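Peer 1: First, the structure itself, so that you have it in front of you.
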Amino acid sequence: MKPAPFRWHGPETVSAALDALAEFGSSCKVLAGGQSLIPVLAMRLAEPAHIVDINGIAALDSVVVSGEGVTVGALARHSRVERDLDAQRVQPLLSQGLRLVAHPTIRNRGTTVGSLAHADPSGEMTAVLALTGGSITAGSIRGTRIIRAADFFVGVLESALAPDELALQAFFPALPAGAGSAFVEIARRHGDYALCGVGAIARLATDGEVTSLRCAYLGVSEVPLVLDLTESWSIGMAAEQAMEALDPVTDLHARADYRRHLAGVLTNRAAAAAISNARQAVA
Amino acid sequence: MTAPEPIHDVGLTVNGISRSASVVARRTLCDFLRHDLALTGTHVGCEHGVCGACTVLLDGEPVRSCLVFAVSVRGHQVTTVEGLGQLDASSDPRSLSPVQRAFRDCHALQCGFCTPGFLTTITAGLVVNPTPTTAEAVEMIAGNLCRCTGYQNIVDAVLRAAELTADPSAPLPDDPADPAHREGR
């Protein structure tokens, strides 16, 4: 239960971090909060030769909120993002999802961008980025590029980041006017990985009609899945459409059909809560 | 790795005192505290972030010290269970911190292995929420495992600690050792 030896690099600037990543590439892992990486190292599921520890790069510890959305730097801890009142106002789905990420003690250290780069399909932040249509800014000595959420998650624990790239920040677009959001999940133990989770964003017309309902799913697909359920919701078939679209796997914690069942139940709960929140926003 | 493993100088402030040691980068903060600084109050349970026994306060906020490398927190402030309070020479329990006193009052431990993690977690939790409800007390300790108590007495201790934080002389209503209690019977 002790990590294997590695060479530690503690850059204090982004450019020094990118230089280290360029030099050591695929034999290297980036350490931010470490709440997923350090267990993996301790159990020796991974033995990277190099660790680039970005905890000393103060410039990456940022949360910037504008009318456009919320930009979270690579070193911003979950707890800081969760507590940011401006972020809650501009994109409430962020804090609604964050309060379900493990326990507060883990959120004090774990980072939102690190959780995205980890690309765990049971991670709440992956679903939030996908549902809000957000993006990741990746940097390397070759330059900077913006990767849309739809292109960022490639597979289980696999992102579109190249070995020499560092996820510098994540951008979560603002919730549109007249919209409401909600995030619900079911886990076997409080704070544990969810068997299934659903985030929802609903938009209403001025007469209260649901003009858009989109849901994102975690724990039931290899990459975060976003479904447009507007049509099926209007005829009372949203849960059925979601269950049809998903192809969860059976594992130690739950059978595939149980996960599918949860996805249906949680679709209705998340949608109802998002619509209720949208009504309050419109009122 | 054929080359010798590099050693790093790590200096940080532990319980208000400047401490340092030279360690390998894979030294976790909990091992650093225990092996290098001989502060064995911090207990190491699962070593992968599940049990909460190793919780310490990093710049005032609870973190799992098994999920932090010592080298990552150079220059930071760490508070361990030793820093919460120590029984003084008179053995007066009032020399303990309110959370430690509450654990004593409510019999919130049996074997004591998980206790350091609970004490640090609750100490920080009561700073954020000084008047928790029972439900909030449960939520506060939800990230810590205890195999002895069944948690009921720990939840009681959270509420008692809140009471003691507000009023260090708050009586314990049903303490048989309390003279006021005996007179009331």
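Residue names in the structure tokens use chain letters A, B, ... in the order shown, residue numbers from 1 in each chain, and ligand numbers from 1 in the order shown.
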Find the residues of chain B in contact range of chain A, meaning any atom within 7 Å when counting only C-alpha atoms, and list them as a compact mmCIF listing (two decimals) with C-alpha atoms, in the first residue's frame.

Peer 2:
# COMPACT_ATOMS: atom_id res chain seq x y z
CA GLU B 5 15.53 7.50 -5.11
CA ALA B 25 8.58 12.07 -2.76
CA ARG B 26 6.25 9.11 -2.28
CA GLU B 47 -4.26 3.99 3.09
CA HIS B 48 -6.51 4.77 0.16
CA GLU B 61 -9.50 22.18 6.45
CA PRO B 62 -9.82 18.42 6.95
CA VAL B 63 -7.99 16.25 4.40
CA ARG B 64 -6.98 12.61 4.21
CA LEU B 67 -3.92 10.98 0.06
CA VAL B 68 -1.42 13.83 0.23
CA SER B 72 3.21 18.61 -1.99
CA GLY B 143 -16.77 10.33 5.63

Peer 1: Just list the residues in segment 89-212 of chain A DSSP gives strand (DSSP E) on the backbone, as a VMD selection string.

Peer 2: chain A and resid 135 to 140 143 to 148 153 to 155 158 to 159 166 to 173 179 to 187 194 to 204 210 to 212

Peer 1: Please write the residues from the selection above to a file, keeping C-alpha atoms, as a compact mmCIF listing (two decimals), in the first residue's frame.

Peer 2:
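Written output follows (result.txt):
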# COMPACT_ATOMS: atom_id res chain seq x y z
CA SER A 135 -14.89 22.61 -22.61
CA ILE A 136 -11.35 21.98 -21.42
CA THR A 137 -8.39 24.18 -22.28
CA ALA A 138 -5.32 22.01 -22.76
CA GLY A 139 -1.80 23.39 -22.89
CA SER A 140 1.51 21.98 -24.07
CA GLY A 143 0.43 25.52 -27.89
CA THR A 144 -3.02 25.73 -26.37
CA ARG A 145 -6.23 24.17 -27.65
CA ILE A 146 -9.84 24.06 -26.49
CA ILE A 147 -11.46 20.63 -26.40
CA ARG A 148 -15.26 20.46 -26.27
CA PHE A 153 -14.17 11.98 -22.94
CA VAL A 154 -12.84 9.16 -25.08
CA GLY A 155 -13.42 6.10 -22.88
CA GLU A 158 -9.40 8.06 -20.97
CA SER A 159 -9.50 11.67 -22.12
CA LEU A 166 -1.93 19.68 -19.19
CA ALA A 167 -5.61 20.47 -18.60
CA LEU A 168 -5.27 24.14 -17.65
CA GLN A 169 -8.89 25.01 -17.03
CA ALA A 170 -12.47 23.92 -17.53
CA PHE A 171 -15.24 26.20 -18.75
CA PHE A 172 -18.83 25.60 -17.72
CA PRO A 173 -21.23 27.80 -19.73
CA ALA A 179 -33.77 27.36 -17.34
CA GLY A 180 -33.46 25.20 -14.23
CA SER A 181 -31.10 22.39 -13.31
CA ALA A 182 -30.90 19.47 -10.89
CA PHE A 183 -28.58 16.58 -10.08
CA VAL A 184 -29.64 13.36 -8.37
CA GLU A 185 -27.95 10.01 -7.84
CA ILE A 186 -28.15 6.75 -5.95
CA ALA A 187 -25.10 5.25 -4.24
CA ALA A 194 -23.01 6.34 -7.58
CA LEU A 195 -24.61 3.31 -9.22
CA CYS A 196 -26.34 5.82 -11.43
CA GLY A 197 -26.61 9.60 -11.46
CA VAL A 198 -28.61 11.98 -13.59
CA GLY A 199 -28.15 15.69 -14.19
CA ALA A 200 -30.93 17.62 -15.90
CA ILE A 201 -31.36 21.05 -17.47
CA ALA A 202 -34.90 22.14 -18.39
CA ARG A 203 -35.96 25.28 -20.21
CA LEU A 204 -39.45 26.67 -20.06
CA VAL A 210 -41.12 22.69 -21.27
CA THR A 211 -39.30 23.73 -24.44
CA SER A 212 -36.12 21.76 -23.73

Peer 1: Taking into account only C-alpha atoms, which residue in the set A:Ala22, A:Ala263, A:Ala127, A:Met243 is nearest to Pro163 of chain A?

Peer 2: A:Ala22

Peer 1: At what distance in Å, to one decimal, does atom CA of Gly49 of chain B lie from atom CA of Cys114 of chain B?

Peer 2: 13.1 Å

Peer 1: I need the residues in segment 8-156 of chain B that are alpha helix (DSSP H) according to DSSP; give them as a PyMOL selection string.

Peer 2: chain B and resi 29-31+98-106+115-128+134-140+152-156

Peer 1: Can you write just those residues out, N, CA and C atoms, as a CSV table (one decimal), in the first residue's frame?

Peer 2:
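As written to disk, out08.csv reads:
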chain,number,residue,atom,x,y,z
B,29,LEU,N,1.7,12.2,3.7
B,29,LEU,CA,1.7,13.1,4.8
B,29,LEU,C,1.5,12.3,6.1
B,30,CYS,N,0.7,11.2,6.1
B,30,CYS,CA,0.4,10.5,7.4
B,30,CYS,C,1.7,9.8,7.8
B,31,ASP,N,2.4,9.2,6.9
B,31,ASP,CA,3.7,8.5,7.2
B,31,ASP,C,4.8,9.5,7.6
B,98,PRO,N,-13.0,21.1,23.2
B,98,PRO,CA,-14.4,20.8,23.4
B,98,PRO,C,-14.8,19.5,22.7
B,99,VAL,N,-14.2,19.2,21.5
B,99,VAL,CA,-14.5,17.9,20.9
B,99,VAL,C,-14.0,16.7,21.6
B,100,GLN,N,-12.8,16.9,22.1
B,100,GLN,CA,-12.2,15.8,22.9
B,100,GLN,C,-13.0,15.5,24.2
B,101,ARG,N,-13.4,16.6,24.8
B,101,ARG,CA,-14.2,16.5,26.1
B,101,ARG,C,-15.5,15.8,25.7
B,102,ALA,N,-16.1,16.2,24.6
B,102,ALA,CA,-17.4,15.7,24.2
B,102,ALA,C,-17.3,14.2,24.0
B,103,PHE,N,-16.2,13.7,23.4
B,103,PHE,CA,-16.0,12.3,23.1
B,103,PHE,C,-15.9,11.5,24.5
B,104,ARG,N,-15.3,12.2,25.5
B,104,ARG,CA,-15.2,11.6,26.8
B,104,ARG,C,-16.5,11.6,27.5
B,105,ASP,N,-17.2,12.7,27.4
B,105,ASP,CA,-18.5,12.8,28.0
B,105,ASP,C,-19.5,11.7,27.4
B,106,CYS,N,-19.5,11.5,26.1
B,106,CYS,CA,-20.5,10.7,25.5
B,106,CYS,C,-20.1,9.3,25.2
B,115,THR,N,-10.6,7.4,16.2
B,115,THR,CA,-11.0,8.7,16.9
B,115,THR,C,-10.2,9.9,16.5
B,116,PRO,N,-8.9,9.8,16.2
B,116,PRO,CA,-8.2,11.0,15.7
B,116,PRO,C,-8.8,11.6,14.5
B,117,GLY,N,-9.2,10.8,13.6
B,117,GLY,CA,-9.9,11.3,12.4
B,117,GLY,C,-11.2,12.0,12.6
B,118,PHE,N,-12.0,11.4,13.6
B,118,PHE,CA,-13.2,12.0,13.9
B,118,PHE,C,-13.0,13.4,14.6
B,119,LEU,N,-12.0,13.4,15.5
B,119,LEU,CA,-11.8,14.6,16.3
B,119,LEU,C,-11.4,15.8,15.4
B,120,THR,N,-10.5,15.5,14.4
B,120,THR,CA,-10.1,16.6,13.5
B,120,THR,C,-11.3,17.0,12.6
B,121,THR,N,-12.0,16.0,12.1
B,121,THR,CA,-13.1,16.3,11.2
B,121,THR,C,-14.2,17.1,11.9
B,122,ILE,N,-14.5,16.8,13.1
B,122,ILE,CA,-15.6,17.5,13.8
B,122,ILE,C,-15.1,18.9,14.3
B,123,THR,N,-13.8,19.0,14.7
B,123,THR,CA,-13.3,20.3,15.0
B,123,THR,C,-13.5,21.3,13.9
B,124,ALA,N,-13.1,20.8,12.7
B,124,ALA,CA,-13.3,21.7,11.5
B,124,ALA,C,-14.7,21.9,11.2
B,125,GLY,N,-15.5,20.8,11.3
B,125,GLY,CA,-16.9,20.9,11.0
B,125,GLY,C,-17.7,21.9,11.8
B,126,LEU,N,-17.3,22.0,13.1
B,126,LEU,CA,-18.0,22.9,14.0
B,126,LEU,C,-17.6,24.4,13.8
B,127,VAL,N,-16.5,24.6,13.1
B,127,VAL,CA,-16.1,26.0,12.7
B,127,VAL,C,-17.0,26.5,11.6
B,128,VAL,N,-17.3,25.5,10.7
B,128,VAL,CA,-18.2,25.9,9.6
B,128,VAL,C,-19.7,26.0,10.1
B,134,THR,N,-29.1,17.2,14.4
B,134,THR,CA,-28.6,15.8,14.4
B,134,THR,C,-28.3,15.3,13.0
B,135,ALA,N,-29.2,15.7,12.0
B,135,ALA,CA,-28.9,15.3,10.6
B,135,ALA,C,-27.6,15.9,10.1
B,136,GLU,N,-27.3,17.2,10.5
B,136,GLU,CA,-26.1,17.8,10.1
B,136,GLU,C,-24.9,17.1,10.8
B,137,ALA,N,-25.1,16.7,12.0
B,137,ALA,CA,-24.0,16.0,12.7
B,137,ALA,C,-23.7,14.7,12.0
B,138,VAL,N,-24.7,14.0,11.5
B,138,VAL,CA,-24.5,12.7,10.8
B,138,VAL,C,-23.8,13.0,9.5
B,139,GLU,N,-24.2,14.1,8.8
B,139,GLU,CA,-23.5,14.4,7.6
B,139,GLU,C,-22.0,14.8,7.8
B,140,MET,N,-21.8,15.5,8.9
B,140,MET,CA,-20.4,15.9,9.2
B,140,MET,C,-19.5,14.7,9.4
B,152,GLN,N,-23.9,6.1,17.1
B,152,GLN,CA,-24.9,6.9,17.9
B,152,GLN,C,-24.2,7.9,18.8
B,153,ASN,N,-23.2,7.3,19.6
B,153,ASN,CA,-22.5,8.1,20.6
B,153,ASN,C,-21.6,9.2,19.9
B,154,ILE,N,-21.2,8.9,18.7
B,154,ILE,CA,-20.3,9.9,18.1
B,154,ILE,C,-21.2,11.1,17.6
B,155,VAL,N,-22.4,10.8,17.1
B,155,VAL,CA,-23.4,11.9,16.8
B,155,VAL,C,-23.7,12.7,18.0
B,156,ASP,N,-23.9,12.0,19.2
B,156,ASP,CA,-24.2,12.7,20.4
B,156,ASP,C,-23.0,13.6,20.8

Peer 1: Quick one: residues within 7 Å of Ser27 of chain A, only C-alpha atoms counted, chain neighbours fewer than 3 positions away excluded, as a PDB file with C-alpha atoms, in the first residue's frame?

Peer 2:
ATOM      1  CA  PHE A  24       8.731  12.895 -19.861  1.00  0.00           C
ATOM      2  CA  PRO A  48       4.554   6.220 -13.448  1.00  0.00           C
ATOM      3  CA  ALA A  49       8.275   6.990 -13.553  1.00  0.00           C
ATOM      4  CA  HIS A  50       7.585  10.719 -13.184  1.00  0.00           C
TER       5      HIS A  50
END

Peer 1: Which of these residues is nearest to Asp59 of chain B, using only C-alpha atoms: B:Asp36, B:Gly16, B:Gly41, B:Val71?

Peer 2: B:Gly16

Peer 1: Report, in Å with one decimal, the straight-line distance from atom CA of Ser232 of chain A to atom CA of Phe152 of chain A.

Peer 2: 27.8 Å

Peer 1: With only C-alpha atoms as the atoms that count, which of B:Glu82, B:Cys148, B:Ser18, B:Ala157 lies nearest to Gly112 of chain B?

Peer 2: B:Cys148

Peer 1: Fewer than 5 positions away in the same chain doesn't count, so skip those; otherwise give me all residues within 9 Å of Leu98 of chain A, counting only C-alpha atoms, as an mmCIF file with C-alpha atoms, in the first residue's frame.

Peer 2:
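The resulting file, part-v4.cif, is shown below:
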data_model
loop_
_atom_site.group_PDB
_atom_site.id
_atom_site.type_symbol
_atom_site.label_atom_id
_atom_site.label_comp_id
_atom_site.auth_asym_id
_atom_site.auth_seq_id
_atom_site.Cartn_x
_atom_site.Cartn_y
_atom_site.Cartn_z
ATOM 1 C CA HIS A 78 -13.920 21.071 -5.427
ATOM 2 C CA SER A 79 -14.870 22.682 -2.109
ATOM 3 C CA VAL A 81 -15.877 25.792 -6.519
ATOM 4 C CA GLU A 82 -18.832 24.382 -4.587
ATOM 5 C CA LEU A 93 -25.571 22.560 -11.793
ATOM 6 C CA ARG A 107 -13.581 17.727 -1.833
ATOM 7 C CA THR A 112 -12.612 19.811 -10.357
ATOM 8 C CA GLU A 124 -20.197 13.778 -11.371
ATOM 9 C CA MET A 125 -18.098 16.512 -12.949
#

Peer 1: Report, in Å to a single decimal, how far apart atom CA of Gly85 of chain B and atom CA of Ser20 of chain B are.

Peer 2: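 These atoms are spaced 22.1 Å apart.
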